[in-house]
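Shown next: run37.cif, given as mmCIF, C-alpha atoms and all ligand atoms.
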data_work
loop_
_atom_site.label_atom_id
_atom_site.label_comp_id
_atom_site.auth_asym_id
_atom_site.auth_seq_id
_atom_site.Cartn_x
_atom_site.Cartn_y
_atom_site.Cartn_z
CA MET A 1 0.00 0.00 0.00
CA ALA A 2 2.92 2.29 -0.67
CA PHE A 3 0.84 4.41 -3.03
CA ARG A 4 -2.15 4.90 -0.73
CA GLU A 5 -1.50 8.57 0.06
CA TYR A 6 -0.73 9.25 -3.54
CA LYS A 7 -4.07 7.81 -4.66
CA ILE A 8 -6.00 9.74 -2.03
CA GLY A 9 -4.20 12.88 -3.11
CA CYS A 10 -5.13 12.29 -6.76
CA TRP A 11 -8.75 11.72 -5.88
CA MET A 12 -8.90 14.81 -3.72
CA PHE A 13 -7.30 16.88 -6.45
CA GLY A 14 -9.73 15.53 -9.08
CA ILE A 15 -12.76 16.07 -6.90
CA SER A 16 -11.85 19.60 -5.90
CA LEU A 17 -10.97 20.59 -9.50
CA SER A 18 -14.27 19.23 -10.84
CA ALA A 19 -16.23 20.84 -8.03
CA SER A 20 -14.67 24.21 -8.68
CA MET A 21 -15.28 23.91 -12.46
CA PHE A 22 -18.88 23.02 -11.76
CA VAL A 23 -19.37 26.02 -9.50
CA THR A 24 -17.46 28.58 -11.57
CA ILE A 25 -18.31 27.53 -15.12
CA PHE A 26 -21.33 25.25 -15.28
CA LEU A 27 -23.62 26.99 -12.77
CA PRO A 28 -23.05 30.53 -14.13
CA GLY A 29 -23.48 29.04 -17.62
CA LEU A 30 -27.04 28.10 -16.70
CA ASP A 31 -27.61 31.58 -15.39
CA ILE A 32 -26.22 33.27 -18.50
CA SER A 33 -28.10 31.07 -20.93
CA SER A 34 -31.39 32.08 -19.30
CA VAL A 35 -30.74 35.80 -19.89
CA SER A 36 -32.31 37.55 -22.90
CA SER A 37 -30.29 39.95 -25.03
CA THR A 38 -30.87 43.61 -24.39
CA GLU A 39 -31.21 46.06 -27.27
CA LEU A 40 -27.57 47.02 -26.65
CA ALA A 41 -26.41 43.41 -26.99
CA LEU A 42 -28.10 43.17 -30.38
CA GLU A 43 -26.56 46.46 -31.50
CA LYS A 44 -23.11 45.39 -30.35
CA GLN A 45 -23.26 42.04 -32.13
CA LEU A 46 -24.33 43.67 -35.36
CA THR A 47 -21.71 46.42 -35.02
CA TYR A 48 -18.74 44.22 -34.07
CA GLY A 49 -19.47 41.10 -36.12
CA ARG A 50 -18.28 37.64 -35.28
CA GLU A 51 -14.97 37.93 -33.46
CA SER A 52 -12.84 40.95 -32.60
CA ALA A 53 -9.70 39.03 -31.72
CA PHE A 54 -7.95 36.34 -33.78
CA SER A 55 -10.19 34.85 -36.48
CA TYR A 56 -9.78 33.07 -39.80
CA GLU A 57 -10.93 36.16 -41.70
CA ASP A 58 -8.55 38.42 -39.85
CA PRO A 59 -5.55 36.45 -38.53
CA PHE A 60 -3.36 39.56 -38.16
CA LEU A 61 -6.05 41.70 -36.51
CA GLN A 62 -6.27 44.33 -39.23
CA GLY A 63 -10.00 44.86 -38.84
CA LYS A 64 -11.01 42.73 -41.83
CA GLY A 65 -14.29 40.84 -42.24
CA LYS A 66 -16.32 43.32 -40.20
CA PRO A 67 -19.80 44.73 -40.74
CA ILE A 68 -20.33 48.45 -41.46
CA LYS A 69 -22.71 50.48 -39.32
CA VAL A 70 -24.56 53.02 -41.47
CA VAL A 71 -26.63 55.98 -40.29
CA LEU A 72 -29.62 56.51 -42.59
CA THR A 73 -31.82 59.60 -42.80
CA LYS A 74 -33.52 58.66 -46.05
CA ASP A 75 -35.09 55.48 -47.30
CA PRO A 76 -32.61 53.49 -49.42
CA MET A 77 -35.42 52.28 -51.71
CA ASN A 78 -37.06 55.57 -52.72
CA GLY A 79 -34.93 58.32 -51.17
CA SER A 80 -37.79 59.77 -49.09
CA ALA A 81 -36.90 61.26 -45.69
CA MET A 82 -37.15 59.02 -42.63
CA ASP A 83 -36.22 59.11 -38.95
CA GLU A 84 -32.53 58.54 -38.29
CA THR A 85 -31.99 54.78 -38.38
CA ASN A 86 -28.90 52.65 -37.83
CA ALA A 87 -28.46 49.84 -40.33
CA TYR A 88 -25.82 47.12 -40.08
CA VAL A 89 -24.40 46.13 -43.44
CA PHE A 90 -22.88 42.67 -43.86
CA GLU A 91 -21.38 42.67 -47.33
CA ALA A 92 -20.88 39.33 -49.07
CA GLY A 93 -18.45 37.17 -47.09
CA THR A 94 -18.72 39.07 -43.78
CA PRO A 95 -19.28 36.41 -41.13
CA PHE A 96 -22.33 36.67 -38.87
CA PRO A 97 -22.04 37.20 -35.11
CA ALA A 98 -22.79 34.41 -32.65
CA GLY A 99 -26.44 35.37 -32.10
CA LEU A 100 -27.30 34.90 -35.77
CA ASN A 101 -25.44 31.60 -36.08
CA HIS A 102 -26.61 30.17 -32.75
CA THR A 103 -29.95 31.84 -32.17
CA ASN A 104 -30.40 30.33 -28.69
CA ILE A 105 -27.85 32.86 -27.50
CA LEU A 106 -30.39 35.63 -28.13
CA GLY A 107 -32.73 34.39 -25.41
CA GLU A 108 -36.16 32.86 -25.97
CA ASP A 109 -38.35 35.93 -26.66
CA VAL A 110 -35.73 37.77 -28.69
CA LYS A 111 -35.08 34.64 -30.74
CA ALA A 112 -38.78 34.04 -31.41
CA LEU A 113 -39.41 37.62 -32.56
CA SER A 114 -36.22 37.79 -34.63
CA GLU A 115 -37.34 34.66 -36.45
CA SER A 116 -41.01 35.51 -36.92
CA LYS A 117 -41.07 39.29 -37.46
CA GLY A 118 -37.38 39.71 -38.27
CA ARG A 119 -37.02 36.77 -40.68
CA ILE A 120 -33.41 36.21 -39.66
CA ALA A 121 -33.50 32.56 -40.76
CA GLU A 122 -33.56 33.83 -44.36
CA ALA A 123 -30.33 35.79 -43.93
CA ASP A 124 -27.21 34.49 -45.63
CA GLU A 125 -23.62 35.60 -45.90
CA ASN A 126 -24.00 36.70 -49.52
CA GLY A 127 -24.84 40.20 -48.35
CA THR A 128 -27.48 41.17 -45.78
CA VAL A 129 -28.59 44.34 -44.00
CA PHE A 130 -29.90 44.14 -40.43
CA LEU A 131 -31.79 46.52 -38.14
CA VAL A 132 -32.48 46.43 -34.41
CA LYS A 133 -36.16 46.90 -33.66
CA ILE A 134 -38.38 46.97 -30.58
CA ASP A 135 -41.66 45.06 -30.62
CA ASP A 136 -44.37 47.54 -29.52
CA ALA A 137 -46.62 44.97 -27.88
CA SER A 138 -44.02 43.22 -25.71
CA ASP A 139 -41.32 45.93 -25.59
CA THR A 140 -38.78 43.25 -26.59
CA PRO A 141 -35.86 44.01 -28.91
CA TYR A 142 -35.27 41.86 -31.96
CA ILE A 143 -33.13 41.70 -35.11
CA GLU A 144 -34.76 42.43 -38.45
CA ASN A 145 -33.31 41.12 -41.70
CA ALA A 146 -34.06 44.24 -43.77
CA THR A 147 -32.92 42.54 -46.95
CA ALA A 148 -35.83 40.09 -46.62
CA THR A 149 -38.43 42.46 -45.11
CA ARG A 150 -37.70 45.65 -47.10
CA GLY A 151 -35.47 44.64 -49.99
CA TRP A 152 -32.56 46.69 -48.65
CA THR A 153 -29.35 45.34 -50.17
CA PRO A 154 -25.86 46.30 -48.92
CA ALA A 155 -25.21 48.32 -52.09
CA LYS A 156 -28.45 50.34 -51.79
CA VAL A 157 -27.93 51.07 -48.10
CA LEU A 158 -24.27 52.06 -48.54
CA SER A 159 -25.11 54.46 -51.36
CA ALA A 160 -28.04 56.03 -49.47
CA SER A 161 -25.78 57.36 -46.71
CA ASP A 162 -22.27 58.76 -46.44
CA HIS A 163 -22.20 58.35 -42.67
CA THR A 164 -20.52 55.02 -42.03
CA ILE A 165 -19.14 53.93 -38.67
CA MET A 166 -16.34 51.34 -38.82
CA ALA A 167 -16.62 50.47 -35.14
CA GLY A 168 -16.33 46.72 -35.78
CA SER A 169 -12.87 47.12 -37.31
CA GLY A 170 -12.12 49.63 -34.54
CA LYS A 171 -12.85 47.13 -31.80
CA THR A 172 -10.23 44.86 -33.36
CA MET A 173 -7.75 47.76 -33.06
CA PHE A 174 -8.75 48.19 -29.42
CA VAL A 175 -8.00 44.52 -28.78
CA ARG A 176 -4.79 44.45 -30.84
CA GLU A 177 -3.32 47.61 -29.36
CA GLY A 178 -3.93 46.45 -25.81
CA CYS A 179 -5.98 49.46 -24.73
CA TRP A 180 -7.54 47.08 -22.17
CA TRP A 181 -4.25 46.88 -20.26
CA CYS A 182 -5.09 50.30 -18.88
CA HIS A 183 -8.74 50.97 -19.69
CA THR A 184 -11.82 49.05 -18.56
CA LEU A 185 -15.16 48.90 -20.35
CA LEU A 186 -16.88 48.12 -17.09
CA PRO A 187 -18.01 50.85 -14.71
CA GLU A 188 -18.72 49.24 -11.37
CA GLN A 189 -21.58 49.54 -8.89
CA THR A 190 -19.69 52.13 -6.87
CA GLN A 191 -19.07 55.84 -7.18
CA ASP A 192 -18.08 54.93 -10.78
CA TRP A 193 -21.67 55.79 -11.63
CA GLN A 194 -20.94 59.46 -11.12
CA SER A 195 -17.92 59.75 -13.39
CA PHE A 196 -18.17 56.88 -15.85
CA GLY A 197 -21.92 56.28 -16.13
CA ARG A 198 -24.18 53.30 -15.79
CA PRO A 199 -22.66 49.83 -15.26
CA PRO A 200 -23.65 47.31 -17.93
CA MET A 201 -26.27 44.59 -17.44
CA LEU A 202 -25.74 40.85 -17.91
CA GLY A 203 -27.90 40.79 -21.05
CA ASP A 204 -25.71 43.45 -22.69
CA PHE A 205 -23.08 40.82 -23.53
CA ASN A 206 -24.99 38.06 -25.30
CA GLY A 207 -23.02 37.03 -28.35
CA GLU A 208 -20.16 39.50 -27.93
CA SER A 209 -16.65 38.03 -28.28
CA PRO A 210 -14.42 39.06 -26.63
CA THR A 211 -16.07 41.43 -24.14
CA THR A 212 -12.93 43.54 -23.44
CA PHE A 213 -13.99 44.29 -19.88
CA GLY A 214 -10.37 44.85 -18.92
CA SER A 215 -9.35 44.01 -15.41
CA ASP A 216 -6.81 46.30 -13.88
CA ARG A 217 -7.78 49.92 -14.32
CA LYS A 218 -4.96 52.43 -14.70
CA ALA A 219 -6.96 54.93 -16.74
CA PRO A 220 -10.56 56.18 -17.10
CA ASP A 221 -13.29 53.67 -17.89
CA LEU A 222 -14.33 54.02 -21.54
CA LEU A 223 -17.74 52.31 -21.66
CA HIS A 224 -19.55 55.63 -22.20
CA VAL A 225 -16.63 57.79 -23.32
CA GLY A 226 -18.35 58.86 -26.57
CA ALA A 227 -21.16 60.37 -24.51
CA ARG A 228 -18.85 62.64 -22.50
CA ASN A 229 -16.45 63.52 -25.31
CA SER A 230 -17.72 63.42 -28.87
CA SER A 231 -14.92 65.47 -30.42
CA ARG A 232 -13.16 63.70 -33.27
CA GLU A 233 -10.46 66.42 -33.31
CA TRP A 234 -9.69 65.88 -29.61
CA MET A 235 -9.42 62.13 -30.22
CA MET A 236 -7.03 62.75 -33.12
CA LEU A 237 -4.70 64.92 -31.06
CA HIS A 238 -4.92 62.58 -28.08
CA PHE A 239 -4.15 59.41 -30.04
CA PHE A 240 -1.35 61.04 -32.03
CA ASN A 241 0.34 62.13 -28.84
CA PRO A 242 -1.64 62.18 -25.57
CA ARG A 243 0.75 64.81 -24.14
CA LEU A 244 -0.65 67.34 -26.63
CA VAL A 245 -3.86 67.50 -24.58
CA GLN A 246 -2.96 65.95 -21.20
CA VAL A 247 0.51 67.10 -20.25
CA HIS A 248 1.30 64.29 -17.79
CA SER A 249 -0.54 61.46 -19.52
CA ILE A 250 1.08 58.03 -19.34
CA MET A 251 -0.85 56.83 -22.38
CA PRO A 252 1.37 55.71 -25.29
CA ARG A 253 1.35 57.41 -28.70
CA TYR A 254 -0.64 55.71 -31.44
CA ASP A 255 0.70 57.88 -34.29
CA TYR A 256 1.68 54.79 -36.32
CA LEU A 257 -2.02 53.95 -36.79
CA TRP A 258 -2.15 56.87 -39.27
CA GLY A 259 -0.28 54.74 -41.83
CA ASP A 260 2.08 56.20 -44.44
CA LYS A 261 0.04 59.03 -45.91
CA ASP A 262 -2.36 61.67 -44.63
CA ALA A 263 -5.75 62.66 -46.07
CA GLN A 264 -4.12 64.94 -48.68
CA GLY A 265 -1.80 62.15 -49.81
CA ASN A 266 1.34 63.65 -48.21
CA VAL A 267 3.83 61.26 -46.65
CA ILE A 268 3.70 61.33 -42.84
CA ASP A 269 7.18 61.71 -41.36
CA LEU A 270 6.95 60.80 -37.67
CA GLU A 271 10.60 61.57 -37.00
CA ALA A 272 10.34 65.08 -38.41
CA TRP A 273 7.18 65.58 -36.38
CA ASP A 274 9.01 64.54 -33.25
CA VAL A 275 11.86 66.99 -33.88
CA GLY A 276 9.25 69.78 -34.06
CA TYR A 277 7.52 68.48 -30.96
CA GLN A 278 10.75 68.44 -28.92
CA LYS A 279 11.29 72.09 -29.84
CA TYR A 280 7.83 72.85 -28.50
CA VAL A 281 8.49 70.88 -25.30
CA SER A 282 11.72 72.74 -24.68
CA GLY A 283 10.02 76.08 -25.27
CA GLU A 284 11.81 76.94 -28.53
CA THR A 285 8.57 77.18 -30.47
CA PRO A 286 5.19 78.35 -29.14
CA TYR A 287 3.11 75.63 -30.79
CA PRO A 288 3.52 71.90 -31.44
CA PRO A 289 3.53 70.77 -35.09
CA GLU A 290 0.13 70.11 -36.70
CA VAL A 291 -1.33 66.62 -36.32
CA PRO A 292 -1.98 65.21 -39.81
CA ASP A 293 -5.54 64.53 -40.97
CA TYR A 294 -5.93 60.80 -41.29
CA ALA A 295 -6.82 59.24 -44.63
CA ASP A 296 -10.07 57.31 -44.98
CA ASN A 297 -10.03 53.65 -44.00
CA THR A 298 -6.90 53.89 -41.90
CA GLU A 299 -6.54 52.05 -38.63
CA ILE A 300 -6.84 55.29 -36.66
CA ARG A 301 -10.17 56.04 -38.33
CA TYR A 302 -11.45 52.61 -37.25
CA LEU A 303 -10.25 53.15 -33.70
CA ILE A 304 -11.79 56.62 -33.37
CA ASP A 305 -15.07 55.34 -34.85
CA PHE A 306 -15.10 52.62 -32.18
CA VAL A 307 -14.32 55.00 -29.32
CA LEU A 308 -16.90 57.62 -30.36
CA ASN A 309 -19.50 54.86 -30.78
CA LEU A 310 -19.15 53.98 -27.05
CA LYS A 311 -22.09 55.99 -25.75
C1 LIG B 1 -0.40 52.82 -20.40
C2 LIG B 1 -1.83 52.94 -20.16
C3 LIG B 1 -2.74 53.30 -21.31
C4 LIG B 1 -2.92 52.64 -22.52
C5 LIG B 1 -2.23 51.38 -23.00
C6 LIG B 1 -3.98 53.34 -23.20
N1 LIG B 1 -4.41 54.41 -22.46
FE1 LIG B 1 -5.92 55.67 -22.92
N2 LIG B 1 -5.56 56.76 -21.25
C7 LIG B 1 -4.62 56.46 -20.30
C8 LIG B 1 -4.62 57.49 -19.27
C9 LIG B 1 -3.73 57.53 -18.05
C10 LIG B 1 -5.63 58.41 -19.63
C11 LIG B 1 -6.03 59.70 -18.88
C12 LIG B 1 -5.09 60.83 -19.30
C13 LIG B 1 -5.24 61.18 -20.73
O1 LIG B 1 -6.32 61.66 -21.13
O2 LIG B 1 -4.32 60.93 -21.51
C14 LIG B 1 -6.21 57.92 -20.88
C15 LIG B 1 -7.25 58.55 -21.56
C16 LIG B 1 -7.90 58.02 -22.64
C17 LIG B 1 -9.09 58.56 -23.24
C18 LIG B 1 -9.86 59.76 -22.74
C19 LIG B 1 -10.74 59.27 -21.62
C20 LIG B 1 -11.73 60.26 -21.09
O3 LIG B 1 -12.28 59.96 -20.02
O4 LIG B 1 -11.97 61.29 -21.73
C21 LIG B 1 -9.42 57.76 -24.30
C22 LIG B 1 -10.60 57.91 -25.24
C23 LIG B 1 -8.42 56.72 -24.36
N3 LIG B 1 -7.50 56.90 -23.35
C24 LIG B 1 -8.42 55.69 -25.30
C25 LIG B 1 -7.42 54.73 -25.40
C26 LIG B 1 -7.36 53.75 -26.45
C27 LIG B 1 -8.40 53.56 -27.54
C28 LIG B 1 -6.22 53.03 -26.24
C29 LIG B 1 -5.65 51.93 -27.12
C30 LIG B 1 -5.35 52.31 -28.50
C31 LIG B 1 -5.60 53.52 -25.03
N4 LIG B 1 -6.35 54.56 -24.55
C32 LIG B 1 -4.47 52.99 -24.45
C33 LIG B 1 -3.78 55.35 -20.28
C34 LIG B 1 -3.68 54.42 -21.30
#

Render the structure in this file as structure tokens.
Amino acid sequence: MAFREYKIGCWMFGISLSASMFVTIFLPGLDISSVSSTELALEKQLTYGRESAFSYEDPFLQGKGKPIKVVLTKDPMNGSAMDETNAYVFEAGTPFPAGLNHTNILGEDVKALSESKGRIAEADENGTVFLVKIDDASDTPYIENATATRGWTPAKVLSASDHTIMAGSGKTMFVREGCWWCHTLLPEQTQDWQSFGRPPMLGDFNGESPTTFGSDRKAPDLLHVGARNSSREWMMLHFFNPRLVQVHSIMPRYDYLWGDKDAQGNVIDLEAWDVGYQKYVSGETPYPPEVPDYADNTEIRYLIDFVLNLK
């Protein structure tokens, strides 16, 4: 019986590991699967797409394979004016988020409405436009497949509006650049309410992957940052060099997200910019050099779209 203690030890280890898995993963799993998506969860899924971290479509995290959020003020079919509406355009080949592939994730009521009124079962990855709607009778949010219900195709919707928000690609930048090392997207049930706004609810996360809560906060919570600061210019200065607007900021520069050329097509020379900036820091010149306008569809545009979309 030389191995008696060893066997008891193995059993105890096995039992305590399984018990802790059961309590920390299985039981909360039951809880989570019984929660219905909120309107915000549906919006987030349709804005961010399938996966904001590593994925087959986007192995190097460049923001590929993401839906486009479009703000519409006129009907894409006949051009007549309508109330401002957000549409989520999945061009051909853009993978669907978890809630559309595994509809149980939506929660029972949301799933039923999305299938009956929203006709999401007819959606396919050859190009579909979605809306988030609220059912008047039950006050429940659901996803509408506007391509099936209204004939809105990606091409029609994209040409009816010039206000596109690339927040899905931007969330990939947020993950890739490690913003979550310092920032949380999770105000807590404490005095956080006063400065950072309302904490999220469990149903706000159905189908979102990854959630980018963050864990260790070294900087302001960003869950509602777009509501307290909606200035694109401020974001540009701050991301190019945070010290331009917050003298003692510890936040790194993200000037390389501008890419090679600015909006006018001029080459961006970061070293020359830095020489000018050092002169400003040492007091030789009264102003820092200008921050270049970013070109369309650059990584910085994606990131700023994501940040300003956090309301
Ligand atoms: C090393 C830690 C650190 C990292 C990494 C970091 N930040 Fe920050 N960030 C800060 C600090 C500290 C502040 C507050 C001072 C300031 O405004 O610069 C801040 C402020 C901000 C603000 C303004 C917040 C407000 O309440 O107005 C935004 C927006 C922001 N960061 C976005 C980002 C994004 C997006 C990334 C990733 C690309 C990022 N940060 C990466 C530390 C960090």

Considering all atoms listed in the file, can you say which of A:Ser36, A:Thr164, A:Gln194, A:Ser52 comes closest to A:Ala112? A:Ser36

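Using all atoms listed in the file, the smallest distance between any of A:Pro242, A:Gly14, A:Gly276, A:Gly93 and ligand LIG 1 (chain B) comes from A:Pro242.
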
Protein and nucleic residues near ligand LIG 1 (chain B), 7 Å, all atoms listed in the file, as a PyMOL selection string: chain A and resi 173-174+177-183+218-222+225+229+235+238+242-243+246+249-252+254+303+307

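Interatomic distance, atom CA of A:Thr140 to atom CA of A:Ala81: 26.3 Å.
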
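Closest approach to A:Lys111 among A:Glu144, A:Asp83, A:Asp192, A:Glu43: A:Glu144, based on only C-alpha atoms.
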
Go through A:Asp216, A:Glu51, A:Asp269, A:Asp109 and flag the residue nearest A:Pro95, using all atoms listed in the file for the distances. A:Glu51

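Residue nearest A:Ala167, chosen from A:Thr47, A:Thr128, A:Thr298, A:Ser37 and counting only C-alpha atoms: A:Thr47.
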
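The closest residue to A:Ile165, picked from A:Asp296, A:Asp260, A:Glu5, A:Asp274 and counting all atoms listed in the file, is A:Asp296.
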
Point-to-point distance from atom CA of A:Ser231 to atom CA of A:Met166, Å rounded to tenths: 16.5 Å

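You will find atom CA of A:Thr172 at 25.5 Å from atom CA of A:Ile120.
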
Might you pull out every residue within 9 Å of stretch 195-209 of chain A, with all atoms listed in the file counted and same-chain residues fewer than 6 positions away left off, and present them as an mmCIF file with C-alpha atoms, keeping the file's coordinate frame?
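Resulting contents of out_20.cif:
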data_model
loop_
_atom_site.group_PDB
_atom_site.id
_atom_site.type_symbol
_atom_site.label_atom_id
_atom_site.label_comp_id
_atom_site.auth_asym_id
_atom_site.auth_seq_id
_atom_site.Cartn_x
_atom_site.Cartn_y
_atom_site.Cartn_z
ATOM 1 C CA ILE A 32 -26.220 33.270 -18.500
ATOM 2 C CA SER A 33 -28.100 31.070 -20.930
ATOM 3 C CA VAL A 35 -30.740 35.800 -19.890
ATOM 4 C CA SER A 36 -32.310 37.550 -22.900
ATOM 5 C CA SER A 37 -30.290 39.950 -25.030
ATOM 6 C CA THR A 38 -30.870 43.610 -24.390
ATOM 7 C CA GLU A 39 -31.210 46.060 -27.270
ATOM 8 C CA LEU A 40 -27.570 47.020 -26.650
ATOM 9 C CA ALA A 41 -26.410 43.410 -26.990
ATOM 10 C CA LEU A 42 -28.100 43.170 -30.380
ATOM 11 C CA LYS A 44 -23.110 45.390 -30.350
ATOM 12 C CA GLN A 45 -23.260 42.040 -32.130
ATOM 13 C CA TYR A 48 -18.740 44.220 -34.070
ATOM 14 C CA GLY A 49 -19.470 41.100 -36.120
ATOM 15 C CA ARG A 50 -18.280 37.640 -35.280
ATOM 16 C CA GLU A 51 -14.970 37.930 -33.460
ATOM 17 C CA SER A 52 -12.840 40.950 -32.600
ATOM 18 C CA ALA A 53 -9.700 39.030 -31.720
ATOM 19 C CA PRO A 97 -22.040 37.200 -35.110
ATOM 20 C CA ALA A 98 -22.790 34.410 -32.650
ATOM 21 C CA GLY A 99 -26.440 35.370 -32.100
ATOM 22 C CA LEU A 100 -27.300 34.900 -35.770
ATOM 23 C CA HIS A 102 -26.610 30.170 -32.750
ATOM 24 C CA ILE A 105 -27.850 32.860 -27.500
ATOM 25 C CA LEU A 106 -30.390 35.630 -28.130
ATOM 26 C CA GLY A 107 -32.730 34.390 -25.410
ATOM 27 C CA LEU A 185 -15.160 48.900 -20.350
ATOM 28 C CA LEU A 186 -16.880 48.120 -17.090
ATOM 29 C CA PRO A 187 -18.010 50.850 -14.710
ATOM 30 C CA GLU A 188 -18.720 49.240 -11.370
ATOM 31 C CA GLN A 189 -21.580 49.540 -8.890
ATOM 32 C CA PRO A 220 -10.560 56.180 -17.100
ATOM 33 C CA ASP A 221 -13.290 53.670 -17.890
ATOM 34 C CA LEU A 222 -14.330 54.020 -21.540
ATOM 35 C CA LEU A 223 -17.740 52.310 -21.660
ATOM 36 C CA HIS A 224 -19.550 55.630 -22.200
ATOM 37 C CA VAL A 225 -16.630 57.790 -23.320
ATOM 38 C CA ARG A 228 -18.850 62.640 -22.500
#

Would you be able to write out as a VMD selection string which residues have an atom within 9 Å of (-6.7, 41.7, -36.4) in the file's coordinates, counting all atoms listed in the file? chain A and resid 52 to 55 57 to 64 169 172 to 173 175 to 176

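The residue set within 10 Å of A:Leu158, counting all atoms listed in the file and dropping same-chain residues fewer than 6 places from it, reads Ile68, Lys69, Val70, Val71, Leu72, Pro76, Ala87, Tyr88, Val89, Glu91, Val129, Trp152 and Thr164 of chain A.
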
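Residues in contact with A:Lys279 at up to 8 Å, not including ones fewer than 5 positions away on its chain and judged by all atoms listed in the file, are A:Glu284, A:Thr285, A:Pro288.
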